[in-house]
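Student: I am sharing target_35.txt, which consists of compact mmCIF, C-alpha atoms and all ligand atoms:
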```txt
# COMPACT_ATOMS: atom_id res chain seq x y z
CA MET A 1 99.28 113.53 -6.85
CA SER A 2 102.14 114.38 -9.24
CA ALA A 3 105.60 115.30 -8.00
CA THR A 4 105.26 118.94 -9.03
CA SER A 5 102.03 119.52 -7.09
CA VAL A 6 103.74 119.23 -3.69
CA TYR A 7 106.69 120.98 -2.07
CA ASN A 8 109.85 118.88 -2.25
CA ALA A 9 111.26 117.20 0.88
CA PRO A 10 113.91 119.84 1.77
CA ALA A 11 111.30 122.63 1.36
CA ARG A 12 108.89 120.79 3.66
CA MET A 13 111.61 120.02 6.19
CA LEU A 14 112.72 123.66 6.25
CA HIS A 15 109.12 124.92 6.57
CA TRP A 16 108.31 122.74 9.60
CA SER A 17 111.71 123.13 11.33
CA LEU A 18 111.25 126.89 11.05
CA VAL A 19 107.70 126.68 12.45
CA ALA A 20 109.11 124.87 15.52
CA LEU A 21 112.06 127.26 15.92
CA ILE A 22 109.84 130.34 15.57
CA ALA A 23 107.49 128.98 18.26
CA VAL A 24 110.46 128.38 20.58
CA GLU A 25 111.84 131.85 19.76
CA PHE A 26 108.63 133.63 20.81
CA GLY A 27 108.59 131.52 23.98
CA LEU A 28 112.16 132.57 24.77
CA ALA A 29 111.36 136.24 24.04
CA TRP A 30 108.53 136.13 26.59
CA LEU A 31 110.42 134.17 29.24
CA MET A 32 113.78 135.93 29.06
CA PRO A 33 114.48 138.79 31.50
CA ASP A 34 113.82 142.39 30.37
CA VAL A 35 116.84 143.70 28.50
CA ARG A 36 118.17 146.83 30.24
CA ARG A 37 121.31 148.96 29.99
CA ASP A 38 123.48 146.65 32.12
CA THR A 39 121.92 143.32 31.06
CA GLN A 40 124.37 140.62 29.93
CA PRO A 41 123.61 138.25 27.03
CA ILE A 42 123.51 135.10 29.13
CA GLY A 43 120.93 132.41 29.96
CA LEU A 44 117.64 132.71 28.08
CA ILE A 45 118.84 135.86 26.30
CA ALA A 46 121.77 133.90 24.86
CA TRP A 47 119.30 131.21 23.80
CA HIS A 48 117.09 133.88 22.15
CA ILE A 49 120.09 135.11 20.16
CA GLY A 50 121.30 131.57 19.31
CA VAL A 51 117.89 130.37 18.10
CA GLY A 52 117.19 133.73 16.37
CA THR A 53 120.40 133.62 14.32
CA THR A 54 119.66 129.97 13.45
CA ILE A 55 116.29 131.12 12.10
CA LEU A 56 118.09 133.77 10.02
CA GLY A 57 120.49 131.16 8.58
CA LEU A 58 117.72 128.67 7.79
CA MET A 59 115.56 131.38 6.19
CA LEU A 60 118.47 132.27 3.88
CA LEU A 61 118.95 128.59 3.05
CA ARG A 62 115.24 128.26 2.42
CA LEU A 63 115.16 131.19 0.00
CA LEU A 64 118.19 129.83 -1.87
CA TRP A 65 116.51 126.43 -2.04
CA ARG A 66 113.29 127.98 -3.30
CA TRP A 67 115.11 129.84 -6.07
CA GLY A 68 117.25 126.85 -7.03
CA GLY A 69 114.94 123.93 -6.25
CA GLY A 70 111.72 125.38 -7.63
CA THR A 71 108.19 125.45 -6.24
CA PRO A 72 105.18 123.29 -7.07
CA GLU A 73 102.53 124.32 -9.59
CA PRO A 74 100.10 126.87 -8.07
CA HIS A 75 97.25 125.26 -6.17
CA PRO A 76 94.49 124.95 -8.81
CA VAL A 77 91.13 125.75 -7.21
CA VAL A 78 91.57 129.13 -5.55
CA ALA A 79 90.18 132.49 -6.70
CA PRO A 80 92.76 134.90 -8.16
CA TRP A 81 92.51 137.26 -5.18
CA GLN A 82 93.23 134.37 -2.81
CA ASP A 83 96.26 133.43 -4.86
CA ARG A 84 97.51 137.03 -4.72
CA ALA A 85 96.85 137.23 -0.96
CA ALA A 86 98.75 133.96 -0.37
CA ARG A 87 101.72 135.13 -2.46
CA ALA A 88 101.82 138.48 -0.65
CA THR A 89 101.62 136.78 2.77
CA HIS A 90 104.40 134.33 1.88
CA ALA A 91 106.62 137.14 0.53
CA LEU A 92 106.08 139.15 3.73
CA LEU A 93 106.86 136.10 5.88
CA TYR A 94 110.12 135.53 3.97
CA ALA A 95 111.13 139.19 4.16
CA GLY A 96 109.97 139.57 7.77
CA PHE A 97 111.87 136.60 9.13
CA LEU A 98 115.05 137.87 7.45
CA VAL A 99 114.66 141.47 8.67
CA LEU A 100 113.53 140.62 12.22
CA PRO A 101 116.67 138.72 13.34
CA VAL A 102 118.87 141.38 11.70
CA LEU A 103 117.09 144.08 13.74
CA GLY A 104 117.77 142.07 16.91
CA TRP A 105 121.39 141.64 15.85
CA ILE A 106 121.76 145.43 15.25
CA ASN A 107 120.32 146.10 18.71
CA ALA A 108 122.63 143.52 20.30
CA SER A 109 125.65 145.14 18.59
CA SER A 110 124.67 148.56 19.98
CA ARG A 111 124.79 146.99 23.45
CA GLY A 112 128.35 145.80 22.80
CA TRP A 113 127.28 142.14 22.70
CA THR A 114 129.01 139.72 20.33
CA VAL A 115 126.34 137.80 18.42
CA HIS A 116 127.05 134.11 17.75
CA LEU A 117 125.40 132.16 14.93
CA ALA A 118 123.53 129.31 16.65
CA GLY A 119 125.52 130.23 19.77
CA LEU A 120 128.72 128.95 18.12
CA LEU A 121 130.22 131.13 15.41
CA SER A 122 130.86 134.76 16.26
CA LEU A 123 129.41 137.24 13.78
CA PRO A 124 130.58 140.81 13.03
CA ALA A 125 128.93 143.78 14.76
CA LEU A 126 126.29 145.50 12.62
CA ALA A 127 126.44 148.78 14.56
CA ALA A 128 128.87 150.65 16.78
CA GLN A 129 128.50 150.15 20.51
CA GLY A 130 126.26 152.90 21.90
CA ALA A 131 124.86 153.92 18.48
CA GLY A 132 121.49 155.60 19.17
CA TRP A 133 119.79 154.50 15.93
CA ALA A 134 120.77 150.88 16.61
CA HIS A 135 119.43 151.07 20.14
CA GLU A 136 116.08 152.24 18.71
CA MET A 137 116.00 149.08 16.57
CA GLY A 138 115.15 147.15 19.76
CA ASP A 139 111.67 148.72 19.73
CA VAL A 140 111.34 148.18 15.98
CA HIS A 141 112.39 144.52 16.51
CA GLN A 142 109.60 144.06 19.03
CA LEU A 143 107.04 145.80 16.79
CA VAL A 144 107.99 143.76 13.72
CA ALA A 145 107.88 140.54 15.81
CA TYR A 146 104.27 141.20 16.82
CA GLY A 147 103.32 142.22 13.27
CA LEU A 148 104.70 138.92 12.01
CA LEU A 149 102.82 137.04 14.71
CA GLY A 150 99.61 138.53 13.27
CA LEU A 151 100.66 137.51 9.77
CA ILE A 152 101.33 133.94 10.98
CA GLY A 153 97.81 133.96 12.46
CA LEU A 154 96.42 134.87 9.02
CA HIS A 155 98.56 132.20 7.32
CA VAL A 156 97.47 129.48 9.76
CA ALA A 157 93.82 130.58 9.49
CA ALA A 158 94.05 130.30 5.68
CA ALA A 159 95.61 126.83 5.99
CA GLY A 160 92.81 125.83 8.40
CA TYR A 161 90.17 127.19 6.00
CA HIS A 162 91.57 125.00 3.20
CA GLN A 163 91.87 121.98 5.46
CA PHE A 164 88.55 122.06 7.30
CA GLU A 165 86.21 124.20 5.19
CA LEU A 166 87.25 123.75 1.55
CA ARG A 167 88.80 120.30 2.16
CA ASP A 168 90.77 120.75 -1.05
CA GLY A 169 93.97 118.94 -0.04
CA LEU A 170 96.15 122.07 -0.01
CA MET A 171 97.74 120.93 3.26
CA ARG A 172 99.15 117.83 1.51
CA ARG A 173 101.42 120.14 -0.50
CA MET A 174 103.34 121.07 2.66
CA TRP A 175 102.55 118.12 4.98
CA PRO A 176 105.81 116.63 6.40
CA LYS A 177 104.91 112.97 5.69
CA ARG A 178 104.46 111.53 2.22
C1 LIG A 201 112.91 135.32 14.21
C2 LIG A 201 113.64 135.55 15.23
C3 LIG A 201 113.24 136.41 16.41
C4 LIG A 201 112.01 136.61 17.01
C5 LIG A 201 110.66 135.98 16.62
C6 LIG A 201 112.22 137.53 18.10
C7 LIG A 201 111.22 138.01 18.93
C8 LIG A 201 111.41 138.94 19.94
C9 LIG A 201 110.36 139.53 20.72
C10 LIG A 201 108.87 139.18 20.61
C11 LIG A 201 110.94 140.41 21.59
C12 LIG A 201 110.22 141.29 22.62
C13 LIG A 201 110.10 140.59 23.94
C14 LIG A 201 109.16 141.35 24.87
O1 LIG A 201 107.99 141.53 24.49
O2 LIG A 201 109.64 141.75 25.94
C15 LIG A 201 112.37 140.38 21.36
C16 LIG A 201 113.30 141.14 22.04
C17 LIG A 201 114.66 141.12 21.79
N1 LIG A 201 115.32 140.34 20.86
FE1 LIG A 201 114.44 139.09 19.51
N2 LIG A 201 113.56 137.86 18.15
C18 LIG A 201 114.22 137.19 17.14
C19 LIG A 201 115.57 137.22 16.85
C20 LIG A 201 116.53 137.91 17.58
C21 LIG A 201 117.96 137.93 17.29
C22 LIG A 201 118.65 137.16 16.16
C23 LIG A 201 118.55 138.75 18.24
C24 LIG A 201 119.99 139.14 18.42
C25 LIG A 201 120.99 138.78 17.65
C26 LIG A 201 117.48 139.24 19.09
C27 LIG A 201 117.66 140.09 20.16
C28 LIG A 201 116.67 140.63 20.92
C29 LIG A 201 116.90 141.65 21.93
C30 LIG A 201 118.26 142.25 22.32
C31 LIG A 201 115.63 141.96 22.48
C32 LIG A 201 115.33 143.01 23.54
C33 LIG A 201 115.14 144.30 22.77
C34 LIG A 201 114.87 145.50 23.65
O3 LIG A 201 114.14 145.35 24.65
O4 LIG A 201 115.40 146.59 23.33
N3 LIG A 201 116.27 138.71 18.67
N4 LIG A 201 112.62 139.49 20.34
C1 LIG A 202 100.86 125.58 12.14
C2 LIG A 202 101.36 126.51 11.39
C3 LIG A 202 101.46 126.48 9.88
C4 LIG A 202 100.74 125.79 8.94
C5 LIG A 202 99.56 124.83 9.17
C6 LIG A 202 101.29 126.14 7.63
C7 LIG A 202 100.87 125.64 6.42
C8 LIG A 202 101.37 125.95 5.19
C9 LIG A 202 100.95 125.38 3.92
C10 LIG A 202 99.83 124.35 3.75
C11 LIG A 202 101.67 125.95 2.93
C12 LIG A 202 101.55 125.68 1.43
C13 LIG A 202 100.70 126.73 0.80
C14 LIG A 202 100.52 126.50 -0.70
O1 LIG A 202 100.66 125.38 -1.15
O2 LIG A 202 100.24 127.47 -1.42
C15 LIG A 202 102.59 126.90 3.56
C16 LIG A 202 103.50 127.67 2.88
C17 LIG A 202 104.34 128.62 3.47
N1 LIG A 202 104.47 128.82 4.84
FE1 LIG A 202 103.41 127.93 6.31
N2 LIG A 202 102.30 127.04 7.80
C18 LIG A 202 102.45 127.28 9.16
C19 LIG A 202 103.35 128.13 9.76
C20 LIG A 202 104.24 128.95 9.10
C21 LIG A 202 105.14 129.87 9.74
C22 LIG A 202 105.31 130.09 11.25
C23 LIG A 202 105.83 130.50 8.77
C24 LIG A 202 106.87 131.56 9.01
C25 LIG A 202 107.92 131.75 8.31
C26 LIG A 202 105.37 129.98 7.48
C27 LIG A 202 105.82 130.36 6.22
C28 LIG A 202 105.39 129.85 5.02
C29 LIG A 202 105.87 130.30 3.71
C30 LIG A 202 106.87 131.42 3.47
C31 LIG A 202 105.21 129.53 2.76
C32 LIG A 202 105.36 129.62 1.22
C33 LIG A 202 106.28 128.57 0.73
C34 LIG A 202 106.75 128.87 -0.68
O3 LIG A 202 105.93 128.87 -1.62
O4 LIG A 202 107.94 129.14 -0.84
N3 LIG A 202 104.41 129.02 7.74
N4 LIG A 202 102.39 126.86 4.92
```
Can you present the structure in this file as structure tokens?
Tutor:
Amino acid sequence: MSATSVYNAPARMLHWSLVALIAVEFGLAWLMPDVRRDTQPIGLIAWHIGVGTTILGLMLLRLLWRWGGGTPEPHPVVAPWQDRAARATHALLYAGFLVLPVLGWINASSRGWTVHLAGLLSLPALAAQGAGWAHEMGDVHQLVAYGLLGLIGLHVAAAGYHQFELRDGLMRRMWPKR
């Protein structure tokens, strides 16, 4: 398999680290206490924010790497509609996992919480404390999160179809080990 038919090592590392972080992030979202008016950003909620902002940072890095480091040749044996569907899904995953953490950040700012990147570096507020529109973004955050979960399901199903039904080696393009 030629070098340009697989994703390069940083792209693969970023893909699989983000898969792990996104799994952890959904786990934290489900385990953390309900966020109410007087809730403080401590414990699992602080973890949700720390991991979520890490995802945002790594997604930005990943997009920069994609633009600068290139992508492999398109996978050869798929129908044009499948190629279009894969491109659209990937574009939505990129956009979604940039927008989703920002929505959470906006909501956190409206609660007067200081958001820290990876729990370490404090970030500016994206909305005034008490701003109604920013409070609403909490619901939008939740809605977008579940939409993206559906999209991940589609993406994983497509990967499984290639791996187990078509057996066309697509998985090798992104597989962590060479
Ligand atoms: C990709 C990253 C993220 C994912 C997958 C994610 C996922 C979720 C999900 C599924 C919920 C709803 C939990 C439930 O059903 O009760 C939630 C709630 C919440 N998340 Fe995130 N989140 C992410 C990033 C962030 C970030 C970066 C922040 C803040 C800086 C944040 C702050 C919040 C807050 C404050 C809530 C409660 C919202 C409310 O109830 O009004 N999230 N998140
Ligand atoms: C077990 C879960 C997953 C598997 C098996 C998987 C598998 C794959 C494979 C095989 C590719 C390469 C597709 C190709 O060569 O055309 C790929 C690309 C991609 N995956 Fe996943 N994936 C998983 C989870 C995720 C998750 C959770 C995300 C969320 C961000 C994601 C985002 C992407 C993106 C954006 C691409 C396109 C890469 C690019 O061309 O820049 N994947 N995935």
Student: Just the residues within 9 Å of Leu103 (chain A), please, counting all atoms listed in the file, with nothing from its chain fewer than 4 positions along; format it as a ChimeraX atom specification.
Tutor: /A:99,107-108,134,137-138,140-141
Student: Show me which residues are within 9 Å of ligand LIG 202 (chain A) counting all atoms listed in the file, and format the list as a PyMOL selection string.
Tutor: chain A and resi 5-7+11-12+15-16+18-23+59+62-63+66-67+70-75+83+86-87+89-97+148-149+151-153+155-160+162-163+169-175
Student: With distances taken over all atoms listed in the file, which residue among A:Ala46, A:Leu58, A:Ala131, A:Ala29 lies nearest ligand LIG 201 (chain A)?
Tutor: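 Nearest candidate to ligand LIG 201 (chain A) out of A:Ala46, A:Leu58, A:Ala131, A:Ala29: A:Ala29.
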Student: Between CA of Ile106 (chain A) and atom C5 of ligand LIG 201 (chain A), what is the distance in Å, rounded to a tenth?
Tutor: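 For CA of Ile106 (chain A) relative to atom C5 of ligand LIG 201 (chain A), the distance reads 14.6 Å.
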Student: Could you check which of A:Leu154, A:Ala9, A:Val77, A:Ile45 is closest to ligand LIG 201 (chain A), using all atoms listed in the file?
Tutor: A:Ile45
Student: Restricting the calculation to all atoms listed in the file, which member of A:Gly132, A:Pro80, A:Gly52, A:Gly147 is positioned closest to ligand LIG 201 (chain A)?
Tutor: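 Looking only at the distances to ligand LIG 201 (chain A), the closest residue turns out to be A:Gly52.
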Student: Quick check, in Å to one decimal: how far apart do CA of Leu28 (chain A) and CA of Ala125 (chain A) lie?
Tutor: 22.5 Å
Student: Can you take the partial region 20-45 of chain A, add N, CA and C atoms, and return it as a short mmCIF file (atom, residue, chain, number, x, y, z; two decimals), in the coordinates of the input?
Tutor:
```cif
data_model
loop_
_atom_site.label_atom_id
_atom_site.label_comp_id
_atom_site.auth_asym_id
_atom_site.auth_seq_id
_atom_site.Cartn_x
_atom_site.Cartn_y
_atom_site.Cartn_z
N ALA A 20 108.76 125.25 14.15
CA ALA A 20 109.11 124.87 15.52
C ALA A 20 110.07 125.90 16.14
N LEU A 21 111.08 126.31 15.38
CA LEU A 21 112.06 127.26 15.92
C LEU A 21 111.42 128.62 16.23
N ILE A 22 110.50 129.04 15.35
CA ILE A 22 109.84 130.34 15.57
C ILE A 22 108.96 130.28 16.83
N ALA A 23 108.30 129.14 17.04
CA ALA A 23 107.49 128.98 18.26
C ALA A 23 108.39 129.06 19.50
N VAL A 24 109.52 128.36 19.45
CA VAL A 24 110.46 128.38 20.58
C VAL A 24 110.98 129.81 20.80
N GLU A 25 111.26 130.50 19.68
CA GLU A 25 111.84 131.85 19.76
C GLU A 25 110.89 132.84 20.44
N PHE A 26 109.59 132.75 20.12
CA PHE A 26 108.63 133.63 20.81
C PHE A 26 108.56 133.26 22.29
N GLY A 27 108.59 131.96 22.58
CA GLY A 27 108.59 131.52 23.98
C GLY A 27 109.78 132.11 24.74
N LEU A 28 110.95 132.03 24.13
CA LEU A 28 112.16 132.57 24.77
C LEU A 28 112.03 134.08 24.97
N ALA A 29 111.49 134.78 23.95
CA ALA A 29 111.36 136.24 24.04
C ALA A 29 110.49 136.62 25.24
N TRP A 30 109.44 135.81 25.49
CA TRP A 30 108.53 136.13 26.59
C TRP A 30 109.09 135.72 27.94
N LEU A 31 109.90 134.68 27.96
CA LEU A 31 110.42 134.17 29.24
C LEU A 31 111.71 134.85 29.67
N MET A 32 112.47 135.38 28.71
CA MET A 32 113.78 135.93 29.06
C MET A 32 113.60 137.22 29.88
N PRO A 33 114.61 137.57 30.70
CA PRO A 33 114.48 138.79 31.50
C PRO A 33 114.42 140.04 30.61
N ASP A 34 113.82 141.12 31.12
CA ASP A 34 113.82 142.39 30.37
C ASP A 34 115.25 142.81 30.08
N VAL A 35 115.48 143.29 28.87
CA VAL A 35 116.84 143.70 28.50
C VAL A 35 117.01 145.18 28.85
N ARG A 36 117.92 145.45 29.80
CA ARG A 36 118.17 146.83 30.24
C ARG A 36 119.61 147.20 29.92
N ARG A 37 119.99 148.43 30.33
CA ARG A 37 121.31 148.96 29.99
C ARG A 37 122.45 148.02 30.40
N ASP A 38 122.35 147.46 31.62
CA ASP A 38 123.48 146.65 32.12
C ASP A 38 123.24 145.13 31.99
N THR A 39 122.22 144.75 31.23
CA THR A 39 121.92 143.32 31.06
C THR A 39 123.03 142.64 30.26
N GLN A 40 123.37 141.40 30.67
CA GLN A 40 124.37 140.62 29.93
C GLN A 40 123.66 139.57 29.06
N PRO A 41 124.25 139.25 27.91
CA PRO A 41 123.61 138.25 27.03
C PRO A 41 123.90 136.82 27.49
N ILE A 42 123.31 136.45 28.59
CA ILE A 42 123.51 135.10 29.13
C ILE A 42 122.14 134.43 29.33
N GLY A 43 122.17 133.15 29.66
CA GLY A 43 120.93 132.41 29.96
C GLY A 43 119.96 132.45 28.80
N LEU A 44 118.69 132.75 29.12
CA LEU A 44 117.64 132.71 28.08
C LEU A 44 117.88 133.75 26.99
N ILE A 45 118.55 134.84 27.33
CA ILE A 45 118.84 135.86 26.30
C ILE A 45 119.82 135.28 25.29
#
```
